[in-house]
Amino acid sequence: MKHYIDFHEDVSFDDLNYLLEIASDMKKKTKTGVKHHILEGKSLAMIFTKSSTRTRVSFEVGMYQLGGQALFLSNDDIQIGRGETIHDTAKVLSGMVDGIMIRTFAHQDIVDLAKYGSIPVINGLSDDQHPTQALADLLTIQEHKGGLKGLKLAYVGDGNNVTASLLQACAKAGMDISCASPKGYTAGQKYVDQALEDAKVTGSKILMTEDPFEACDGADVIYADTWTSMGQEEEKAKRVEIFKDYQVNSKLMGVAHKDAIFMHCLPAYRGYEVTEDVIDGPQSVVFDEAENRLHAHKAILVNCFTR
Ligand code: CP
Ligand code: NVA
């Protein structure tokens with residue numbers, strides 16, 4: 001059975017090629033109106049204990065376009081919110097649906113859902129990782145740059161869930177990745193080690209630094225995310241102070257390649273992690289990136305349900 005919980009563990013080099021190929025194919029079919037009801041009769045339960053616009057809409061519409069159906073299960077409405085265990089929820093849902101997509105706080109809850117259930121589980125974001133975003137990001141880079149191998153992505157800001165999955169995904173794809181974060185806010189060493197492990201195979205270069213200019217030097221892609229992730233709201237004032245030198249602005253974009261693209265998983269907070277002129281400027285591909293969530297997620301669904 002194929003889960004999609006952790007990019008390093010669940011996506012082999014072959015899987016990555018397959019996923020990107022299927023995602024491009026899904027995109028073509030969607031744009032040209034070619035029916036692709038590959039998952040006819042299949043149901044996906046979608047559990048959300050955190051907010052979402054892109055992840056929810058793309059998985060729900062994706063299932064519909066694949067001929068299946070998706071059920072939106074908010075924490076406020078299902079019994080998990082009243083204390084029913086992950087163990088029991090996994091067993092119950094395994095008897096009724098074909099797969100589960102979950103967005104929640106503790107990464108371990110997602111791992112447990114897969115452990116106790118008997119159907120594929122997709123990680124729609126945890127405090128630690130955001131692997132569905134990373135696939136859509138690779139698809140976007142491939143489309144704009146004509147390939148992945150040898151390109152350099154620079155991530156600037158909080159070493160969070162998005163950074164962890166980008167480290168895993170870039171190393172797997174043979175891209176160089178540099179991450180600039182303030183001391184104490186770098187991505188977990190576990191993810192750096194995993195990236196270094198795959199880099200031995202793919203030739204990627206990994207750089208962890210506190211200097212955003214060093215990270216962005218000669219980059220093909222500059223990537224930002226919010227300084228305050230879901231669940232950290234009460235730390236916002238403190239974080240704005242800590243991250244103030246980690247804003248992606250035109251000066252920072254100036255040290256990247258002239259044709260570098262700007263990416264952001266969204267939602268974005270203009271004037272904080274990125275200036276308006278950059279995110280709304282000609283180098284920004286953030287809305288292509290958001291749309292690609294749909295196409296990438298359909299590839300993930302097909303991979304989990306049919307392989
Ligand atoms: N990028 C992303 O995951 O967006 P949502 O929080 O809107 O799903
Ligand atoms: N790091 C952000 C990503 C949102 C898609 C968060 O976890 O809130």
# chains A, B, ... in the order shown; residues from 1 in each chain; ligands from 1

$ select_by_dssp --residues "range 77-269 of chain A" --states "helix (DSSP H, G or I)" --output "MDAnalysis selection string"
chainID A and resid 79:82 86:94 107:116 131:145 161:173 189:202 212:216 233:242 244:246 250:253

$ residues_near_ligand --ligand "ligand 1" --cutoff "7 Å" --atoms "only C-alpha atoms and all ligand atoms" --output "ChimeraX atom specification"
/A:51-56,133,265-267

$ residues_near_ligand --ligand "ligand 2" --cutoff "8 Å" --atoms "only C-alpha atoms and all ligand atoms" --output "list in words"
Ser52, Leu125, Ser126, Asp127, His130, Gln133, Asn160, Asn161, Val162, Asp225, Thr226, Trp227, Thr228, Ser229, Met230, Gly231, Cys265, Leu266 and Pro267 of chain A

$ closest_residue --among "A:Gly81, A:Gly150, A:Gly281, A:Gly41" --to "Leu66 in chain A" --atoms "only C-alpha atoms"
A:Gly41

$ residues_around --residues "Val240 in chain A" --least-positions-apart "2" --cutoff "12 Å" --atoms "only C-alpha atoms" --output "list in words"
Gly157, Asp158, Pro182, Thr226, Trp227, Thr228, Gln232, Glu233, Glu234, Glu235, Lys236, Ala237, Lys238, Ile242, Phe243, Lys244, Asp245, Tyr246, Gln247, Tyr269, Gly271, Tyr272 and Glu273 of chain A

$ write_last_selection --atoms "C-alpha atoms" --output "mmCIF file, in the first residue's frame"
data_model
loop_
_atom_site.group_PDB
_atom_site.id
_atom_site.type_symbol
_atom_site.label_atom_id
_atom_site.label_comp_id
_atom_site.auth_asym_id
_atom_site.auth_seq_id
_atom_site.Cartn_x
_atom_site.Cartn_y
_atom_site.Cartn_z
ATOM 1 C CA GLY A 157 12.815 32.502 6.537
ATOM 2 C CA ASP A 158 11.474 30.101 9.135
ATOM 3 C CA PRO A 182 17.954 32.903 11.948
ATOM 4 C CA THR A 226 4.979 32.888 6.454
ATOM 5 C CA TRP A 227 7.047 33.684 9.543
ATOM 6 C CA THR A 228 4.154 32.538 11.746
ATOM 7 C CA GLN A 232 2.140 29.790 16.432
ATOM 8 C CA GLU A 233 -0.220 32.777 16.383
ATOM 9 C CA GLU A 234 0.635 33.971 19.902
ATOM 10 C CA GLU A 235 4.328 34.223 18.933
ATOM 11 C CA LYS A 236 3.615 36.575 16.005
ATOM 12 C CA ALA A 237 5.045 39.826 17.489
ATOM 13 C CA LYS A 238 8.228 38.071 18.603
ATOM 14 C CA ILE A 242 13.309 37.823 14.754
ATOM 15 C CA PHE A 243 12.675 37.427 11.012
ATOM 16 C CA LYS A 244 12.773 41.084 9.938
ATOM 17 C CA ASP A 245 16.055 40.613 8.027
ATOM 18 C CA TYR A 246 14.656 37.569 6.210
ATOM 19 C CA GLN A 247 12.219 39.396 3.961
ATOM 20 C CA TYR A 269 1.605 38.189 4.218
ATOM 21 C CA GLY A 271 5.157 43.467 3.894
ATOM 22 C CA TYR A 272 6.428 40.669 6.139
ATOM 23 C CA GLU A 273 8.117 37.640 4.500
#

$ closest_residue --among "A:Val11, A:Ala23, A:Leu153, A:Ala256" --to "Leu139 in chain A" --atoms "only C-alpha atoms"
A:Ala23

$ residues_around --residues "range 284-295 of chain A" --least-positions-apart "3" --cutoff "9 Å" --atoms "only C-alpha atoms" --output "ChimeraX atom specification"
/A:22-27,30,54-55,57-59,61-62,132-133,135-137,139-141,144,260-266,278-281,298-300

$ residues_around --residues "range 186-191 of chain A" --least-positions-apart "4" --cutoff "8 Å" --atoms "only C-alpha atoms" --output "mmCIF file with C-alpha atoms, in the first residue's frame"
data_model
loop_
_atom_site.group_PDB
_atom_site.id
_atom_site.type_symbol
_atom_site.label_atom_id
_atom_site.label_comp_id
_atom_site.auth_asym_id
_atom_site.auth_seq_id
_atom_site.Cartn_x
_atom_site.Cartn_y
_atom_site.Cartn_z
ATOM 1 C CA ASP A 158 11.474 30.101 9.135
ATOM 2 C CA GLY A 159 12.841 26.536 8.870
ATOM 3 C CA ASN A 160 9.355 25.059 9.099
ATOM 4 C CA THR A 163 11.281 23.880 4.420
ATOM 5 C CA ALA A 164 11.540 20.271 5.640
ATOM 6 C CA SER A 165 9.622 18.910 2.648
ATOM 7 C CA LEU A 167 14.837 19.864 1.554
ATOM 8 C CA GLN A 168 13.636 16.297 1.027
ATOM 9 C CA CYS A 179 18.168 27.622 3.405
ATOM 10 C CA ALA A 180 18.695 30.894 5.261
ATOM 11 C CA SER A 181 17.100 31.100 8.712
ATOM 12 C CA PRO A 182 17.954 32.903 11.948
ATOM 13 C CA ALA A 195 18.674 15.514 2.047
ATOM 14 C CA MET A 208 22.301 25.828 5.632
#

$ residues_around --residues "range 77-79 of chain A" --least-positions-apart "3" --cutoff "12 Å" --atoms "only C-alpha atoms" --output "compact mmCIF listing (two decimals) with N, CA, C and O atoms, in the first residue's frame"
# COMPACT_ATOMS: atom_id res chain seq x y z
N ALA A 45 -11.69 10.45 2.39
CA ALA A 45 -12.07 11.24 3.59
C ALA A 45 -10.98 12.28 3.81
O ALA A 45 -9.80 11.96 3.78
N MET A 46 -11.39 13.53 4.03
CA MET A 46 -10.42 14.62 4.23
C MET A 46 -10.62 15.21 5.62
O MET A 46 -11.60 15.91 5.87
N ILE A 47 -9.68 14.91 6.52
CA ILE A 47 -9.79 15.40 7.90
C ILE A 47 -8.96 16.68 8.04
O ILE A 47 -7.77 16.70 7.70
N PHE A 48 -9.58 17.74 8.53
CA PHE A 48 -8.87 19.00 8.73
C PHE A 48 -9.02 19.45 10.18
O PHE A 48 -10.13 19.72 10.63
N THR A 49 -7.88 19.55 10.89
CA THR A 49 -7.92 20.17 12.21
C THR A 49 -7.23 21.54 12.18
O THR A 49 -7.05 22.18 13.20
N LEU A 71 -14.94 13.69 0.99
CA LEU A 71 -15.77 14.11 2.13
C LEU A 71 -14.94 15.05 3.00
O LEU A 71 -13.87 14.65 3.49
N PHE A 72 -15.42 16.26 3.19
CA PHE A 72 -14.72 17.23 4.04
C PHE A 72 -15.14 17.00 5.49
O PHE A 72 -16.31 17.14 5.84
N LEU A 73 -14.17 16.62 6.33
CA LEU A 73 -14.46 16.32 7.73
C LEU A 73 -13.68 17.29 8.61
O LEU A 73 -12.47 17.13 8.81
N SER A 74 -14.36 18.32 9.08
CA SER A 74 -13.67 19.29 9.93
C SER A 74 -13.64 18.77 11.37
O SER A 74 -14.54 18.06 11.82
N ARG A 82 -14.00 15.54 19.66
CA ARG A 82 -14.56 15.31 21.00
C ARG A 82 -13.80 14.19 21.71
O ARG A 82 -14.28 13.63 22.69
N GLY A 83 -12.65 13.82 21.16
CA GLY A 83 -11.78 12.89 21.87
C GLY A 83 -11.77 11.46 21.37
O GLY A 83 -11.12 10.61 21.97
N GLU A 84 -12.46 11.15 20.26
CA GLU A 84 -12.35 9.79 19.74
C GLU A 84 -10.89 9.58 19.27
O GLU A 84 -10.27 10.50 18.74
N THR A 85 -10.36 8.39 19.49
CA THR A 85 -8.93 8.19 19.22
C THR A 85 -8.64 8.08 17.72
O THR A 85 -9.52 7.72 16.92
N ILE A 86 -7.39 8.33 17.39
CA ILE A 86 -6.90 8.17 16.01
C ILE A 86 -7.03 6.69 15.63
O ILE A 86 -7.42 6.35 14.51
N ASP A 88 -9.23 4.39 16.65
CA ASP A 88 -10.61 4.02 16.29
C ASP A 88 -11.03 4.69 14.98
O ASP A 88 -11.70 4.06 14.14
N THR A 89 -10.64 5.93 14.80
CA THR A 89 -11.00 6.66 13.58
C THR A 89 -10.40 5.96 12.35
O THR A 89 -11.08 5.78 11.33
N VAL A 92 -12.42 2.74 11.65
CA VAL A 92 -13.77 3.02 11.14
C VAL A 92 -13.70 3.49 9.69
O VAL A 92 -14.40 2.97 8.81
N LEU A 93 -12.83 4.47 9.43
CA LEU A 93 -12.75 5.01 8.06
C LEU A 93 -12.26 3.96 7.08
O LEU A 93 -12.70 3.93 5.92

$ select_by_dssp --residues "range 112-231 of chain A" --states "strand (DSSP E)" --output "list in words"
Val121, Ile122, Asn123, Lys152, Leu153, Ala154, Tyr155, Val156, Asp176, Ile177, Ser178, Cys179, Ala180, Ile206, Leu207, Met208, Thr209, Val221, Ile222, Tyr223 and Ala224 of chain A

$ atom_distance --atom1 "CA of Val302 in chain A" --atom2 "CA of Leu19 in chain A"
8.9 Å

$ closest_residue --among "A:Met1, A:Ile80, A:Val201, A:Met63" --to "Met101 in chain A" --atoms "only C-alpha atoms"
A:Met63

$ residues_around --residues "Lys251 in chain A" --least-positions-apart "6" --cutoff "12 Å" --atoms "only C-alpha atoms" --output "NGL selection string"
:A and (212-213 or 216-217 or 245 or 274-275 or 277-278)

$ closest_residue --among "A:Asp198, A:Asp6, A:Glu60, A:Glu143" --to "Gln108 in chain A" --atoms "only C-alpha atoms"
A:Asp6

$ atom_distance --atom1 "CA of Ala219 in chain A" --atom2 "CA of Val248 in chain A"
12.9 Å

$ decode --residues "range 148-269 of chain A" --atoms "C-alpha atoms" --output "PDB file, in the first residue's frame"
ATOM      1  CA  LEU A 148      14.984  20.332 -12.192  1.00  0.00           C
ATOM      2  CA  LYS A 149      18.447  18.771 -11.982  1.00  0.00           C
ATOM      3  CA  GLY A 150      21.239  21.218 -11.195  1.00  0.00           C
ATOM      4  CA  LEU A 151      18.959  24.196 -10.469  1.00  0.00           C
ATOM      5  CA  LYS A 152      19.367  26.077  -7.192  1.00  0.00           C
ATOM      6  CA  LEU A 153      16.450  26.874  -4.871  1.00  0.00           C
ATOM      7  CA  ALA A 154      16.996  29.331  -2.011  1.00  0.00           C
ATOM      8  CA  TYR A 155      14.545  29.212   0.890  1.00  0.00           C
ATOM      9  CA  VAL A 156      14.493  32.299   3.118  1.00  0.00           C
ATOM     10  CA  GLY A 157      12.815  32.502   6.537  1.00  0.00           C
ATOM     11  CA  ASP A 158      11.474  30.101   9.135  1.00  0.00           C
ATOM     12  CA  GLY A 159      12.841  26.536   8.870  1.00  0.00           C
ATOM     13  CA  ASN A 160       9.355  25.059   9.099  1.00  0.00           C
ATOM     14  CA  ASN A 161       7.181  22.254   7.671  1.00  0.00           C
ATOM     15  CA  VAL A 162       7.465  23.660   4.133  1.00  0.00           C
ATOM     16  CA  THR A 163      11.281  23.880   4.420  1.00  0.00           C
ATOM     17  CA  ALA A 164      11.540  20.271   5.640  1.00  0.00           C
ATOM     18  CA  SER A 165       9.622  18.910   2.648  1.00  0.00           C
ATOM     19  CA  LEU A 166      11.505  21.179   0.223  1.00  0.00           C
ATOM     20  CA  LEU A 167      14.837  19.864   1.554  1.00  0.00           C
ATOM     21  CA  GLN A 168      13.636  16.297   1.027  1.00  0.00           C
ATOM     22  CA  ALA A 169      12.128  17.007  -2.401  1.00  0.00           C
ATOM     23  CA  CYS A 170      14.965  19.101  -3.874  1.00  0.00           C
ATOM     24  CA  ALA A 171      17.592  16.534  -2.859  1.00  0.00           C
ATOM     25  CA  LYS A 172      15.510  13.749  -4.388  1.00  0.00           C
ATOM     26  CA  ALA A 173      15.102  15.725  -7.612  1.00  0.00           C
ATOM     27  CA  GLY A 174      18.816  16.579  -7.898  1.00  0.00           C
ATOM     28  CA  MET A 175      18.322  20.294  -7.186  1.00  0.00           C
ATOM     29  CA  ASP A 176      20.668  22.351  -5.021  1.00  0.00           C
ATOM     30  CA  ILE A 177      18.978  23.916  -1.990  1.00  0.00           C
ATOM     31  CA  SER A 178      20.168  26.690   0.327  1.00  0.00           C
ATOM     32  CA  CYS A 179      18.168  27.622   3.405  1.00  0.00           C
ATOM     33  CA  ALA A 180      18.695  30.894   5.261  1.00  0.00           C
ATOM     34  CA  SER A 181      17.100  31.100   8.712  1.00  0.00           C
ATOM     35  CA  PRO A 182      17.954  32.903  11.948  1.00  0.00           C
ATOM     36  CA  LYS A 183      19.760  30.949  14.648  1.00  0.00           C
ATOM     37  CA  GLY A 184      17.342  28.614  16.439  1.00  0.00           C
ATOM     38  CA  TYR A 185      14.868  28.602  13.528  1.00  0.00           C
ATOM     39  CA  THR A 186      16.685  26.370  11.022  1.00  0.00           C
ATOM     40  CA  ALA A 187      15.042  23.225   9.610  1.00  0.00           C
ATOM     41  CA  GLY A 188      15.427  20.095  11.738  1.00  0.00           C
ATOM     42  CA  GLN A 189      18.772  18.284  11.391  1.00  0.00           C
ATOM     43  CA  LYS A 190      16.867  15.085  10.525  1.00  0.00           C
ATOM     44  CA  TYR A 191      15.699  16.681   7.263  1.00  0.00           C
ATOM     45  CA  VAL A 192      19.151  18.034   6.442  1.00  0.00           C
ATOM     46  CA  ASP A 193      20.608  14.541   6.983  1.00  0.00           C
ATOM     47  CA  GLN A 194      17.943  12.967   4.771  1.00  0.00           C
ATOM     48  CA  ALA A 195      18.674  15.514   2.047  1.00  0.00           C
ATOM     49  CA  LEU A 196      22.404  14.806   2.340  1.00  0.00           C
ATOM     50  CA  GLU A 197      21.695  11.082   2.020  1.00  0.00           C
ATOM     51  CA  ASP A 198      19.776  11.545  -1.263  1.00  0.00           C
ATOM     52  CA  ALA A 199      22.299  14.143  -2.434  1.00  0.00           C
ATOM     53  CA  LYS A 200      24.922  11.380  -2.501  1.00  0.00           C
ATOM     54  CA  VAL A 201      22.867   9.775  -5.269  1.00  0.00           C
ATOM     55  CA  THR A 202      21.629  12.857  -7.120  1.00  0.00           C
ATOM     56  CA  GLY A 203      24.583  15.233  -6.700  1.00  0.00           C
ATOM     57  CA  SER A 204      22.519  18.007  -5.022  1.00  0.00           C
ATOM     58  CA  LYS A 205      24.345  20.579  -2.921  1.00  0.00           C
ATOM     59  CA  ILE A 206      22.812  21.506   0.443  1.00  0.00           C
ATOM     60  CA  LEU A 207      23.686  24.743   2.249  1.00  0.00           C
ATOM     61  CA  MET A 208      22.301  25.828   5.632  1.00  0.00           C
ATOM     62  CA  THR A 209      23.162  29.411   6.544  1.00  0.00           C
ATOM     63  CA  GLU A 210      21.989  32.401   8.587  1.00  0.00           C
ATOM     64  CA  ASP A 211      22.757  34.769   5.677  1.00  0.00           C
ATOM     65  CA  PRO A 212      19.895  35.271   3.173  1.00  0.00           C
ATOM     66  CA  PHE A 213      22.256  36.910   0.641  1.00  0.00           C
ATOM     67  CA  GLU A 214      24.593  33.917   0.722  1.00  0.00           C
ATOM     68  CA  ALA A 215      21.616  31.572   0.239  1.00  0.00           C
ATOM     69  CA  CYS A 216      20.146  33.544  -2.681  1.00  0.00           C
ATOM     70  CA  ASP A 217      23.422  34.112  -4.529  1.00  0.00           C
ATOM     71  CA  GLY A 218      22.990  32.722  -8.046  1.00  0.00           C
ATOM     72  CA  ALA A 219      19.648  31.080  -7.221  1.00  0.00           C
ATOM     73  CA  ASP A 220      17.150  30.026  -9.897  1.00  0.00           C
ATOM     74  CA  VAL A 221      14.249  29.948  -7.444  1.00  0.00           C
ATOM     75  CA  ILE A 222      13.691  32.064  -4.340  1.00  0.00           C
ATOM     76  CA  TYR A 223      11.103  30.692  -1.941  1.00  0.00           C
ATOM     77  CA  ALA A 224       9.365  32.297   1.052  1.00  0.00           C
ATOM     78  CA  ASP A 225       6.731  31.198   3.555  1.00  0.00           C
ATOM     79  CA  THR A 226       4.979  32.888   6.454  1.00  0.00           C
ATOM     80  CA  TRP A 227       7.047  33.684   9.543  1.00  0.00           C
ATOM     81  CA  THR A 228       4.154  32.538  11.746  1.00  0.00           C
ATOM     82  CA  SER A 229       2.735  29.132  10.910  1.00  0.00           C
ATOM     83  CA  MET A 230      -0.641  27.787  12.014  1.00  0.00           C
ATOM     84  CA  GLY A 231      -0.502  27.080  15.734  1.00  0.00           C
ATOM     85  CA  GLN A 232       2.140  29.790  16.432  1.00  0.00           C
ATOM     86  CA  GLU A 233      -0.220  32.777  16.383  1.00  0.00           C
ATOM     87  CA  GLU A 234       0.635  33.971  19.902  1.00  0.00           C
ATOM     88  CA  GLU A 235       4.328  34.223  18.933  1.00  0.00           C
ATOM     89  CA  LYS A 236       3.615  36.575  16.005  1.00  0.00           C
ATOM     90  CA  ALA A 237       5.045  39.826  17.489  1.00  0.00           C
ATOM     91  CA  LYS A 238       8.228  38.071  18.603  1.00  0.00           C
ATOM     92  CA  ARG A 239       8.634  36.376  15.220  1.00  0.00           C
ATOM     93  CA  VAL A 240       8.188  39.594  13.235  1.00  0.00           C
ATOM     94  CA  GLU A 241      11.174  40.985  15.139  1.00  0.00           C
ATOM     95  CA  ILE A 242      13.309  37.823  14.754  1.00  0.00           C
ATOM     96  CA  PHE A 243      12.675  37.427  11.012  1.00  0.00           C
ATOM     97  CA  LYS A 244      12.773  41.084   9.938  1.00  0.00           C
ATOM     98  CA  ASP A 245      16.055  40.613   8.027  1.00  0.00           C
ATOM     99  CA  TYR A 246      14.656  37.569   6.210  1.00  0.00           C
ATOM    100  CA  GLN A 247      12.219  39.396   3.961  1.00  0.00           C
ATOM    101  CA  VAL A 248      12.315  38.599   0.247  1.00  0.00           C
ATOM    102  CA  ASN A 249      12.491  42.020  -1.426  1.00  0.00           C
ATOM    103  CA  SER A 250      13.966  43.409  -4.647  1.00  0.00           C
ATOM    104  CA  LYS A 251      17.431  43.759  -3.077  1.00  0.00           C
ATOM    105  CA  LEU A 252      17.520  40.053  -2.202  1.00  0.00           C
ATOM    106  CA  MET A 253      16.035  39.061  -5.592  1.00  0.00           C
ATOM    107  CA  GLY A 254      18.898  41.100  -7.103  1.00  0.00           C
ATOM    108  CA  VAL A 255      21.550  38.552  -6.078  1.00  0.00           C
ATOM    109  CA  ALA A 256      19.697  35.660  -7.722  1.00  0.00           C
ATOM    110  CA  HIS A 257      19.835  34.913 -11.450  1.00  0.00           C
ATOM    111  CA  LYS A 258      18.162  37.581 -13.576  1.00  0.00           C
ATOM    112  CA  ASP A 259      15.542  35.076 -14.686  1.00  0.00           C
ATOM    113  CA  ALA A 260      14.984  33.618 -11.174  1.00  0.00           C
ATOM    114  CA  ILE A 261      11.399  32.885 -10.195  1.00  0.00           C
ATOM    115  CA  PHE A 262       9.771  33.742  -6.871  1.00  0.00           C
ATOM    116  CA  MET A 263       7.681  31.058  -5.131  1.00  0.00           C
ATOM    117  CA  HIS A 264       5.520  30.999  -1.995  1.00  0.00           C
ATOM    118  CA  CYS A 265       3.222  28.209  -0.843  1.00  0.00           C
ATOM    119  CA  LEU A 266       0.590  30.834   0.187  1.00  0.00           C
ATOM    120  CA  PRO A 267      -1.141  32.224   2.158  1.00  0.00           C
ATOM    121  CA  ALA A 268       1.284  35.183   1.953  1.00  0.00           C
ATOM    122  CA  TYR A 269       1.605  38.189   4.218  1.00  0.00           C
TER     123      TYR A 269
END
